[in-house]
file data33.txt (compact mmCIF, C-alpha atoms and all ligand atoms)
# COMPACT_ATOMS: atom_id res chain seq x y z
CA MET A 199 -213.19 15.21 46.02
CA LEU A 200 -214.01 18.55 44.33
CA ARG A 201 -211.33 19.59 41.89
CA PRO A 202 -211.05 22.49 39.45
CA VAL A 203 -212.79 21.72 36.21
CA ALA A 204 -209.84 22.52 33.99
CA LEU A 205 -210.86 20.58 30.92
CA LEU A 206 -214.44 21.82 31.04
CA LEU A 207 -213.29 25.41 31.26
CA PHE A 208 -211.00 24.83 28.32
CA LEU A 209 -213.83 23.33 26.28
CA PHE A 210 -216.13 26.19 27.09
CA ALA A 211 -213.53 28.95 26.76
CA PRO A 212 -215.11 30.53 23.64
CA LEU A 213 -218.52 30.69 25.27
CA SER A 214 -219.97 33.05 27.81
CA ALA A 215 -220.92 31.74 31.24
CA ARG A 216 -224.57 31.95 30.19
CA ALA A 217 -223.91 29.69 27.19
CA VAL A 218 -222.42 26.99 29.40
CA GLU A 219 -225.58 26.91 31.42
CA THR A 220 -228.12 26.72 28.62
CA LEU A 221 -229.36 23.80 26.58
CA ARG A 222 -230.92 23.89 23.13
CA ILE A 223 -233.72 21.38 22.76
CA ALA A 224 -235.54 20.71 19.51
CA ILE A 225 -239.19 20.92 20.47
CA ASP A 226 -241.18 20.67 17.36
CA ASP A 227 -241.30 20.88 13.61
CA THR A 228 -244.37 22.74 12.47
CA GLY A 229 -245.99 23.83 9.22
CA SER A 230 -245.08 27.16 7.65
CA GLU A 231 -246.65 29.24 10.44
CA VAL A 232 -246.46 29.26 14.23
CA SER A 233 -247.76 31.56 16.92
CA ILE A 234 -245.62 32.58 19.93
CA LYS A 235 -247.20 34.13 23.02
CA GLY A 236 -245.84 35.38 26.30
CA LYS A 237 -246.08 38.24 28.77
CA GLY A 238 -243.61 40.93 27.78
CA LEU A 239 -242.80 39.17 24.50
CA GLY A 240 -239.78 40.37 22.55
CA PHE A 241 -237.73 39.10 19.63
CA GLY A 242 -234.21 39.40 18.36
CA PRO A 243 -231.36 37.48 16.74
CA ASP A 244 -230.42 34.02 18.02
CA SER A 245 -227.60 34.94 20.37
CA GLU A 246 -227.15 34.93 24.13
CA ASP A 247 -226.68 38.68 24.50
CA ALA A 248 -229.05 39.98 21.84
CA THR A 249 -231.18 43.07 22.23
CA TYR A 250 -234.86 42.14 22.15
CA VAL A 251 -237.49 44.25 20.41
CA PRO A 252 -240.73 44.32 22.43
CA ILE A 253 -243.94 43.15 20.75
CA PRO A 254 -246.69 45.25 22.41
CA THR A 255 -249.48 42.70 21.71
CA ASP A 256 -247.44 39.88 23.34
CA VAL A 257 -248.30 37.67 20.33
CA ALA A 258 -246.14 36.96 17.30
CA THR A 259 -247.06 35.04 14.20
CA VAL A 260 -243.98 33.65 12.51
CA ARG A 261 -244.39 32.75 8.85
CA ARG A 262 -242.09 31.23 6.37
CA ARG A 263 -242.32 32.86 2.97
CA ALA A 264 -239.99 31.96 0.10
CA GLY A 265 -237.50 30.43 2.53
CA LYS A 266 -237.37 33.60 4.67
CA LEU A 267 -238.98 34.36 8.02
CA GLU A 268 -241.56 37.02 8.79
CA VAL A 269 -242.67 38.16 12.24
CA ASN A 270 -246.17 39.69 12.23
CA GLY A 271 -245.83 40.28 8.51
CA ALA A 272 -242.43 42.03 8.62
CA PRO A 273 -239.37 40.29 7.17
CA VAL A 274 -236.66 39.23 9.64
CA VAL A 275 -232.98 39.89 9.11
CA GLY A 276 -230.97 36.66 9.34
CA ASP A 277 -232.07 33.05 9.07
CA SER A 278 -233.61 32.57 12.52
CA VAL A 279 -235.44 34.54 15.18
CA ARG A 280 -235.40 34.19 18.95
CA PHE A 281 -238.25 35.02 21.33
CA ARG A 282 -238.13 35.81 25.01
CA ALA A 283 -240.85 36.68 27.51
CA GLY A 284 -240.36 39.20 30.29
CA VAL A 285 -238.79 41.82 28.01
CA SER A 286 -239.65 45.33 29.20
CA ALA A 287 -241.00 48.07 26.95
CA ALA A 288 -237.63 49.78 27.29
CA GLY A 289 -236.03 46.80 25.58
CA ASP A 290 -234.48 45.32 28.72
CA ALA A 291 -233.54 41.76 27.77
CA GLY A 292 -235.21 40.17 30.79
CA VAL A 293 -234.12 36.92 32.36
CA PRO A 294 -234.64 33.78 30.25
CA GLY A 295 -236.91 31.37 32.03
CA SER A 296 -238.53 33.87 34.36
CA GLU A 297 -241.69 34.08 32.24
CA PRO A 298 -243.10 31.11 30.33
CA LEU A 299 -243.62 31.21 26.57
CA LYS A 300 -246.24 29.42 24.54
CA ALA A 301 -244.91 28.18 21.22
CA GLY A 302 -247.73 26.65 19.18
CA SER A 303 -249.49 24.46 21.75
CA THR A 304 -246.57 23.87 24.12
CA GLN A 305 -245.60 25.94 27.13
CA VAL A 306 -241.90 26.29 27.89
CA ARG A 307 -239.52 28.26 30.04
CA GLY A 308 -236.50 29.96 28.51
CA ASP A 309 -236.30 31.32 24.95
CA VAL A 310 -237.73 29.89 21.74
CA VAL A 311 -235.81 30.02 18.48
CA VAL A 312 -237.67 29.60 15.19
CA ARG A 313 -235.68 28.60 12.12
CA PRO A 314 -236.78 27.51 8.66
CA LEU A 315 -236.47 23.85 7.74
CA ARG A 316 -236.68 22.48 4.19
CA ASP A 317 -240.46 22.40 4.50
CA GLY A 318 -241.76 24.17 7.55
CA LEU A 319 -240.35 25.63 10.73
CA GLN A 320 -238.27 24.19 13.54
CA LEU A 321 -238.75 25.31 17.13
CA ILE A 322 -235.81 25.15 19.52
CA ASN A 323 -236.19 25.81 23.22
CA VAL A 324 -233.12 27.53 24.69
CA ILE A 325 -233.44 26.87 28.39
CA PRO A 326 -231.14 27.38 31.36
CA LEU A 327 -229.82 23.94 32.34
CA GLU A 328 -231.09 24.22 35.93
CA GLU A 329 -234.62 25.16 34.75
CA TYR A 330 -234.58 22.23 32.36
CA LEU A 331 -233.60 19.85 35.16
CA ALA A 332 -236.35 21.11 37.48
CA ALA A 333 -238.84 20.54 34.66
CA VAL A 334 -237.74 17.05 33.65
CA LEU A 335 -236.71 15.52 36.97
CA GLY A 336 -240.30 14.64 37.83
CA SER A 337 -240.66 12.83 34.50
CA GLU A 338 -237.53 10.82 35.12
CA MET A 339 -238.01 9.72 38.74
CA PRO A 340 -241.10 9.57 41.01
CA VAL A 341 -241.14 12.78 43.09
CA SER A 342 -242.04 10.69 46.14
CA PHE A 343 -238.55 9.11 46.12
CA PRO A 344 -236.27 10.14 49.03
CA PRO A 345 -234.41 13.47 48.67
CA GLU A 346 -230.97 11.81 48.35
CA ALA A 347 -232.21 9.66 45.45
CA LEU A 348 -233.71 12.73 43.75
CA LYS A 349 -230.40 14.56 44.21
CA ALA A 350 -228.48 11.64 42.67
CA GLN A 351 -230.90 11.70 39.73
CA ALA A 352 -230.51 15.48 39.37
CA VAL A 353 -226.72 15.17 39.11
CA ALA A 354 -227.00 12.26 36.64
CA ALA A 355 -229.51 14.16 34.46
CA ARG A 356 -227.40 17.35 34.56
CA THR A 357 -224.28 15.40 33.62
CA TYR A 358 -226.08 13.53 30.85
CA ALA A 359 -227.43 16.77 29.34
CA LEU A 360 -224.07 18.53 29.57
CA GLN A 361 -222.26 15.61 27.98
CA LYS A 362 -224.79 15.63 25.11
CA LYS A 363 -224.19 19.35 24.73
CA LEU A 364 -220.44 18.84 24.44
CA ASP A 365 -221.05 16.05 21.94
CA THR A 366 -223.24 18.22 19.72
CA TYR A 367 -221.45 21.47 20.46
CA SER A 368 -221.89 23.37 17.20
CA ASN A 369 -225.25 21.88 16.19
CA ALA A 370 -228.47 23.92 16.11
CA PHE A 371 -229.69 21.89 19.09
CA HIS A 372 -228.26 19.50 21.68
CA LEU A 373 -231.13 17.22 22.60
CA GLY A 374 -233.80 15.83 20.34
CA SER A 375 -237.50 15.53 20.32
CA SER A 376 -237.91 12.50 22.54
CA VAL A 377 -236.57 14.58 25.41
CA LEU A 378 -238.50 17.64 24.33
CA HIS A 379 -241.82 16.06 25.17
CA GLN A 380 -240.56 15.31 28.65
CA VAL A 381 -239.62 18.98 28.93
CA TYR A 382 -242.99 20.25 27.89
CA GLY A 383 -244.97 17.73 29.84
CA GLY A 384 -242.72 18.52 32.73
CA VAL A 385 -242.95 22.28 32.87
CA ASN A 386 -246.45 22.17 34.29
CA ARG A 387 -245.51 19.39 36.67
CA GLU A 388 -242.66 21.12 38.48
CA ASP A 389 -242.71 20.02 42.09
CA PRO A 390 -241.07 21.59 45.15
CA ARG A 391 -239.28 18.26 45.80
CA THR A 392 -237.62 18.12 42.36
CA ARG A 393 -236.80 21.84 42.54
CA ALA A 394 -235.15 21.28 45.94
CA ALA A 395 -233.03 18.39 44.60
CA VAL A 396 -231.91 20.47 41.61
CA ASP A 397 -231.11 23.52 43.76
CA ALA A 398 -229.21 21.47 46.35
CA THR A 399 -226.89 20.08 43.64
CA ARG A 400 -226.68 23.21 41.46
CA GLY A 401 -223.78 23.07 39.01
CA GLN A 402 -222.60 19.64 40.20
CA VAL A 403 -221.59 17.16 37.51
CA LEU A 404 -219.87 13.78 37.40
CA THR A 405 -216.58 13.66 35.56
CA TYR A 406 -214.03 11.07 34.58
CA GLU A 407 -210.58 12.37 33.69
CA LEU A 408 -212.09 15.87 33.95
CA ALA A 409 -214.72 15.38 31.23
CA PRO A 410 -218.43 14.87 31.97
CA ILE A 411 -219.33 11.19 31.98
CA GLU A 412 -222.03 9.57 29.87
CA ALA A 413 -224.39 9.31 32.83
CA TYR A 414 -226.86 6.70 31.63
CA PHE A 415 -229.61 5.67 34.02
CA HIS A 416 -232.55 3.29 34.07
CA ALA A 417 -235.53 2.39 36.25
CA SER A 418 -234.42 -0.90 37.77
CA CYS A 419 -231.53 -3.28 37.14
CA GLY A 420 -233.02 -6.29 38.93
CA GLY A 421 -230.03 -6.86 41.24
CA ARG A 422 -226.91 -6.19 39.19
CA THR A 423 -226.29 -3.39 36.71
CA GLU A 424 -225.06 -4.09 33.19
CA SER A 425 -221.79 -2.94 31.62
CA GLY A 426 -222.00 0.00 29.23
CA GLN A 427 -220.51 -2.23 26.55
CA ASP A 428 -223.14 -4.95 26.84
CA ALA A 429 -226.10 -2.59 27.37
CA LEU A 430 -225.29 0.22 24.95
CA GLN A 431 -222.04 -0.58 23.13
CA ARG A 432 -220.36 2.09 25.29
CA ASP A 433 -217.22 0.52 26.76
CA LEU A 434 -216.52 3.03 29.54
CA PRO A 435 -214.59 2.50 32.79
CA TYR A 436 -217.37 3.95 34.94
CA LEU A 437 -220.13 1.83 33.35
CA GLN A 438 -219.30 -1.56 34.86
CA PRO A 439 -221.63 -4.10 36.54
CA VAL A 440 -222.22 -3.44 40.26
CA ASP A 441 -224.50 -5.12 42.79
CA CYS A 442 -227.74 -3.35 43.57
CA PRO A 443 -230.30 -3.66 46.40
CA CYS A 444 -233.25 -3.31 43.98
CA GLY A 445 -233.06 -7.06 43.31
CA ARG A 446 -234.79 -7.72 46.63
CA LEU A 447 -237.81 -5.65 45.69
CA ALA A 448 -240.84 -7.59 44.47
CA ALA A 449 -241.53 -4.69 42.09
CA SER A 450 -238.38 -5.47 40.13
CA ARG A 451 -239.89 -8.75 38.84
CA TRP A 452 -242.03 -8.89 35.74
CA SER A 453 -243.63 -11.39 33.44
CA ALA A 454 -245.21 -11.21 30.02
CA SER A 455 -247.17 -13.72 27.96
CA MET A 456 -247.17 -13.50 24.21
CA SER A 457 -248.92 -15.67 21.67
CA ASP A 458 -247.15 -17.20 18.70
CA ALA A 459 -249.21 -14.91 16.45
CA GLU A 460 -248.11 -11.77 18.33
CA ILE A 461 -244.46 -12.78 18.23
CA LYS A 462 -244.65 -13.77 14.58
CA SER A 463 -246.15 -10.40 13.70
CA ALA A 464 -243.49 -8.50 15.70
CA LEU A 465 -240.51 -10.52 14.45
CA ARG A 466 -241.93 -11.19 10.98
CA HIS A 467 -240.82 -14.75 11.60
CA PRO A 468 -242.43 -17.83 13.24
CA ALA A 469 -241.35 -18.00 16.88
CA GLN A 470 -241.74 -21.75 17.49
CA GLY A 471 -238.69 -23.32 19.08
CA MET A 472 -237.42 -20.02 20.57
CA ARG A 473 -234.63 -20.46 23.10
CA VAL A 474 -231.96 -18.27 24.67
CA THR A 475 -228.55 -19.11 23.20
CA SER A 476 -226.32 -16.36 24.57
CA ARG A 477 -226.12 -14.19 27.70
CA THR A 478 -223.83 -11.47 29.06
CA SER A 479 -221.80 -11.89 32.27
CA THR A 480 -224.79 -10.48 34.20
CA ARG A 481 -227.03 -13.10 32.54
CA ARG A 482 -228.88 -10.69 30.28
CA VAL A 483 -229.97 -12.18 27.00
CA THR A 484 -227.88 -11.25 23.98
CA ARG A 485 -229.29 -13.78 21.52
CA VAL A 486 -232.27 -16.02 21.03
CA THR A 487 -232.45 -18.74 18.40
CA LEU A 488 -235.71 -19.68 16.71
CA GLY A 489 -236.73 -23.20 15.67
CA ASP A 490 -235.40 -22.88 12.13
CA GLY A 491 -232.00 -21.65 13.34
CA THR A 492 -232.65 -17.94 12.79
CA THR A 493 -231.05 -15.82 15.51
CA VAL A 494 -232.35 -12.54 16.95
CA ASP A 495 -230.15 -10.11 18.86
CA GLY A 496 -231.39 -9.41 22.42
CA VAL A 497 -231.64 -5.63 22.00
CA GLU A 498 -233.48 -6.14 18.71
CA LEU A 499 -235.85 -8.63 20.33
CA ARG A 500 -236.74 -6.12 23.05
CA ARG A 501 -237.31 -3.35 20.52
CA LYS A 502 -239.55 -5.53 18.36
CA LEU A 503 -241.58 -7.11 21.16
CA GLY A 504 -241.91 -3.75 22.94
CA TYR A 505 -239.85 -2.12 25.70
CA THR A 506 -242.84 -1.98 28.05
CA ARG A 507 -243.65 -5.70 27.67
CA LEU A 508 -240.14 -7.14 27.56
CA LYS A 509 -239.03 -4.80 30.33
CA SER A 510 -235.42 -5.99 30.45
CA LEU A 511 -233.09 -8.55 28.92
CA ASP A 512 -232.66 -10.35 32.25
CA PHE A 513 -235.33 -12.96 31.56
CA GLU A 514 -236.14 -16.66 31.16
CA VAL A 515 -238.49 -17.81 28.45
CA GLU A 516 -240.78 -20.85 28.59
CA ARG A 517 -243.07 -22.44 26.06
CA THR A 518 -246.78 -22.23 26.94
CA ASP A 519 -249.84 -23.45 25.10
CA GLY A 520 -249.72 -21.45 21.87
CA GLY A 521 -247.08 -18.95 22.92
CA TYR A 522 -244.31 -18.00 25.32
CA GLN A 523 -244.05 -16.82 28.90
CA PHE A 524 -241.21 -14.39 29.69
CA SER A 525 -240.21 -13.99 33.35
CA GLY A 526 -237.65 -11.33 34.16
CA ARG A 527 -236.10 -8.84 36.53
CA GLY A 528 -235.50 -5.11 36.18
CA TYR A 529 -236.76 -2.42 33.84
CA GLY A 530 -234.54 -0.74 31.28
CA HIS A 531 -231.10 -1.25 29.75
CA GLY A 532 -229.44 -1.69 33.14
CA ALA A 533 -226.39 0.57 32.65
CA GLY A 534 -225.37 3.28 35.12
CA LEU A 535 -227.63 4.61 37.87
CA CYS A 536 -230.43 2.28 38.92
CA GLN A 537 -233.30 4.47 40.14
CA TRP A 538 -234.97 1.88 42.37
CA GLY A 539 -231.54 0.96 43.71
CA ALA A 540 -230.87 4.64 44.43
CA LYS A 541 -234.14 4.75 46.37
CA ALA A 542 -233.20 1.62 48.35
CA LEU A 543 -229.75 3.06 49.19
CA ALA A 544 -231.26 6.43 50.19
CA ASP A 545 -233.78 4.60 52.41
CA LYS A 546 -230.77 3.01 54.15
CA GLY A 547 -229.35 6.46 54.87
CA ARG A 548 -226.82 6.75 52.05
CA GLY A 549 -226.12 10.22 50.63
CA TYR A 550 -226.38 11.14 46.96
CA VAL A 551 -222.60 11.27 46.41
CA GLU A 552 -222.22 7.76 47.78
CA ILE A 553 -225.11 6.59 45.59
CA LEU A 554 -223.57 8.12 42.48
CA THR A 555 -220.10 6.72 43.04
CA HIS A 556 -221.63 3.29 43.63
CA TYR A 557 -223.29 3.25 40.21
CA TYR A 558 -220.55 5.16 38.35
CA PRO A 559 -217.38 3.70 39.89
CA GLY A 560 -214.35 5.95 39.42
CA ALA A 561 -216.39 9.05 38.53
CA GLU A 562 -215.81 12.23 40.50
CA LEU A 563 -218.27 14.91 41.54
CA GLN A 564 -217.23 18.43 40.53
CA HIS A 565 -218.77 21.89 40.75
CA LEU A 566 -219.04 23.37 37.28
CA TYR A 567 -220.52 26.63 38.58
ZN ZN B 601 -230.94 -1.96 40.69
call {"tool": "encode", "arguments": {"input": "data33.txt", "output": "C-alpha cells"}}
result
Amino acid sequence: MLRPVALLLFLFAPLSARAVETLRIAIDDTGSEVSIKGKGLGFGPDSEDATYVPIPTDVATVRRRAGKLEVNGAPVVGDSVRFRAGVSAAGDAGVPGSEPLKAGSTQVRGDVVVRPLRDGLQLINVIPLEEYLAAVLGSEMPVSFPPEALKAQAVAARTYALQKKLDTYSNAFHLGSSVLHQVYGGVNREDPRTRAAVDATRGQVLTYELAPIEAYFHASCGGRTESGQDALQRDLPYLQPVDCPCGRLAASRWSASMSDAEIKSALRHPAQGMRVTSRTSTRRVTRVTLGDGTTVDGVELRRKLGYTRLKSLDFEVERTDGGYQFSGRGYGHGAGLCQWGAKALADKGRGYVEILTHYYPGAELQHLY
C-alpha cells in the first residue's frame, strides 16, 4: 500500500526537507507593538536556515514605525523578522519547537514571524507539522477516544494541513486564524495520548493519484456520511457517502426548539409555514421553503440558525406552539472521516488504516517522511 511519493517530492523540490515539515499559521493581528519572550530568544530573517542573533534579556519589543520594523528600538533589515527560542549565546540556531515562545499573550511552539500589515503587525507561527498536530489533536477529538481512532484523526489532520499548505504554497501563511486559536489553546493541553497517536503515524498522509487528499472530517454523520459535493461543493472521488456505525449511538441524535421570533430574527424573514422542500441522496436538507414561498438554502439555514443548535442538515422539522421543533442526527457537515464512527470502528478492533480507507474510499496511505 505504501508507494513512493513522486508527485509530492516534485512539488516540494525547491524546498528544503525542513520546509516540507513546517506550517505557517496566522496567529494574530496586533496593534503597532508586540512583545516576544522566550528562553534563549534570538531573531533573524524569515528563512528556514537563518542565523539567529541572541537577545540576552530574552525579551523583544517589536514596533512598527513609519512602515518599518524595530526590535528593541533598533531598525530591522528587511520587511519581517523571525524569532526563535533555544538559541545559544554562540548563535547556534537551536531547534524550532524545543522551547516555547510567548508572542503577546499566546504561547506557541516553533518560531514566530512578525510582519507589518497596513495598520499594525501580523504574527505568524512557523511550527513543525508534527508539533502542530500534537498540539491540535486534543482540540479536534476527545483524547479518551481509542488509540486507533486518534491515529486515524492524526493522519486526517496531517493530510488536511499539508493539502492546505500546497494550496497556499507561496502565501505568507497556510492556515488562518480560526485554526490558530486551536493551536494556542492546544499547546498547553498536549496529552501523552495525542502525542502517541501523532508519533505512531509520523509522516503518514492520505493521497489520491499521488497528491494529498482534502481530508475533511466532522464529529458525527448520524449513520451515513455525505458526499463532498453536497456537503462542501467539493466533488471528489474519495468524498462519497458511506455507511457509518455512529448512527446507532444515542449521542448522535439531537433536537432543538426555536420560537418564531428567534427564527425571524436569524433569517430576517417570518418563518411561518416552513417546510423542507429538497434533500440530498443521504436525506440531508438542501432547501426549506417558508410560507410566502421564499426559499432558504440548507447550508445557509444552518449558518443563520447557528451550527451548535442546528447541529446537522439531517433533520425533520415540525410546527409547535409558536415555533418549530428540529429533530436530527449527526453533528457537522458529514463529509469524510466521522469521528464518532471512527471511535465505534476502533472499539470493534479495526485499525486506523482500515478506518481511514472506509471514510476516504480510494485514498492511499503514504509515508511522506
Ligand atoms: Zn458517523
call {"tool": "residues_near_ligand", "arguments": {"input": "data33.txt", "ligand": "ligand ZN 601 (chain B)", "cutoff": "8 Å", "atoms": "only C-alpha atoms and all ligand atoms", "output": "PyMOL selection string"}}
result
chain A and resi 417-423+441-445+528+532+535-540
call {"tool": "atom_distance", "arguments": {"input": "data33.txt", "atom1": "CA of Leu503 in chain A", "atom2": "CA of Ala454 in chain A"}}
result
10.4 Å
call {"tool": "closest_residue", "arguments": {"input": "data33.txt", "among": "A:Thr475, A:Arg481, A:Val269, A:Gln564", "to": "Tyr406 in chain A", "atoms": "only C-alpha atoms"}}
result
A:Gln564
call {"tool": "residues_around", "arguments": {"input": "data33.txt", "residues": "range 547-560 of chain A", "least_positions_apart": "5", "cutoff": "8 Å", "atoms": "only C-alpha atoms", "output": "list in words"}}
result
Glu346, Ala347, Lys349, Ala350, Ala354, Tyr406, Ala413, Pro435, Tyr436, Leu437, Gln438, Val440, Gly534, Leu535, Cys536 and Ala540 of chain A
call {"tool": "closest_residue", "arguments": {"input": "data33.txt", "among": "A:Val232, A:Ile411, A:Ala283, A:Leu319", "to": "Asp365 in chain A", "atoms": "all atoms listed in the file"}}
result
A:Ile411
call {"tool": "atom_distance", "arguments": {"input": "data33.txt", "atom1": "CA of Glu329 in chain A", "atom2": "CA of Val306 in chain A"}}
result
10.1 Å
call {"tool": "atom_distance", "arguments": {"input": "data33.txt", "atom1": "CA of Val285 in chain A", "atom2": "CA of Gly229 in chain A"}}
result
27.0 Å
call {"tool": "residues_around", "arguments": {"input": "data33.txt", "residues": "Val312 in chain A", "least_positions_apart": "6", "cutoff": "7 Å", "atoms": "only C-alpha atoms", "output": "mmCIF file with C-alpha atoms, in the coordinates of the input"}}
result
data_model
loop_
_atom_site.group_PDB
_atom_site.id
_atom_site.type_symbol
_atom_site.label_atom_id
_atom_site.label_comp_id
_atom_site.auth_asym_id
_atom_site.auth_seq_id
_atom_site.Cartn_x
_atom_site.Cartn_y
_atom_site.Cartn_z
ATOM 1 C CA SER A 278 -233.610 32.570 12.520
ATOM 2 C CA VAL A 279 -235.440 34.540 15.180
ATOM 3 C CA ARG A 280 -235.400 34.190 18.950
ATOM 4 C CA LEU A 319 -240.350 25.630 10.730
ATOM 5 C CA GLN A 320 -238.270 24.190 13.540
ATOM 6 C CA LEU A 321 -238.750 25.310 17.130
ATOM 7 C CA ILE A 322 -235.810 25.150 19.520
#
call {"tool": "residues_around", "arguments": {"input": "data33.txt", "residues": "Arg507 in chain A", "least_positions_apart": "6", "cutoff": "10 Å", "atoms": "only C-alpha atoms", "output": "list of chain:residue names"}}
result
A:Trp452, A:Ser453, A:Ala454, A:Ser455, A:Met456, A:Arg500, A:Arg501, A:Phe524, A:Tyr529
call {"tool": "write_last_selection", "arguments": {"input": "data33.txt", "atoms": "C-alpha atoms", "output": "JSON list (two decimals), in the frame of the given file"}}
result
[["chain", "number", "residue", "atom", "x", "y", "z"],
["A", 452, "TRP", "CA", -242.03, -8.89, 35.74],
["A", 453, "SER", "CA", -243.63, -11.39, 33.44],
["A", 454, "ALA", "CA", -245.21, -11.21, 30.02],
["A", 455, "SER", "CA", -247.17, -13.72, 27.96],
["A", 456, "MET", "CA", -247.17, -13.50, 24.21],
["A", 500, "ARG", "CA", -236.74, -6.12, 23.05],
["A", 501, "ARG", "CA", -237.31, -3.35, 20.52],
["A", 524, "PHE", "CA", -241.21, -14.39, 29.69],
["A", 529, "TYR", "CA", -236.76, -2.42, 33.84]]
call {"tool": "closest_residue", "arguments": {"input": "data33.txt", "among": "A:Val403, A:Val274, A:Val257, A:Leu221", "to": "Gly236 in chain A", "atoms": "only C-alpha atoms"}}
result
A:Val257
call {"tool": "residues_near_point", "arguments": {"input": "data33.txt", "point": "(-240.4, 25.9, 1.9)", "cutoff": "8 Å", "atoms": "all atoms listed in the file", "output": "JSON, numbers by chain"}}
result
{"A": [230, 262, 263, 264, 265, 314, 315, 316, 317, 318]}
call {"tool": "residues_around", "arguments": {"input": "data33.txt", "residues": "Thr493 in chain A", "least_positions_apart": "5", "cutoff": "12 Å", "atoms": "all atoms listed in the file", "output": "JSON, numbers by chain"}}
result
{"A": [465, 467, 468, 469, 471, 472, 473, 474, 475, 476, 484, 485, 486, 487, 488, 498, 499]}
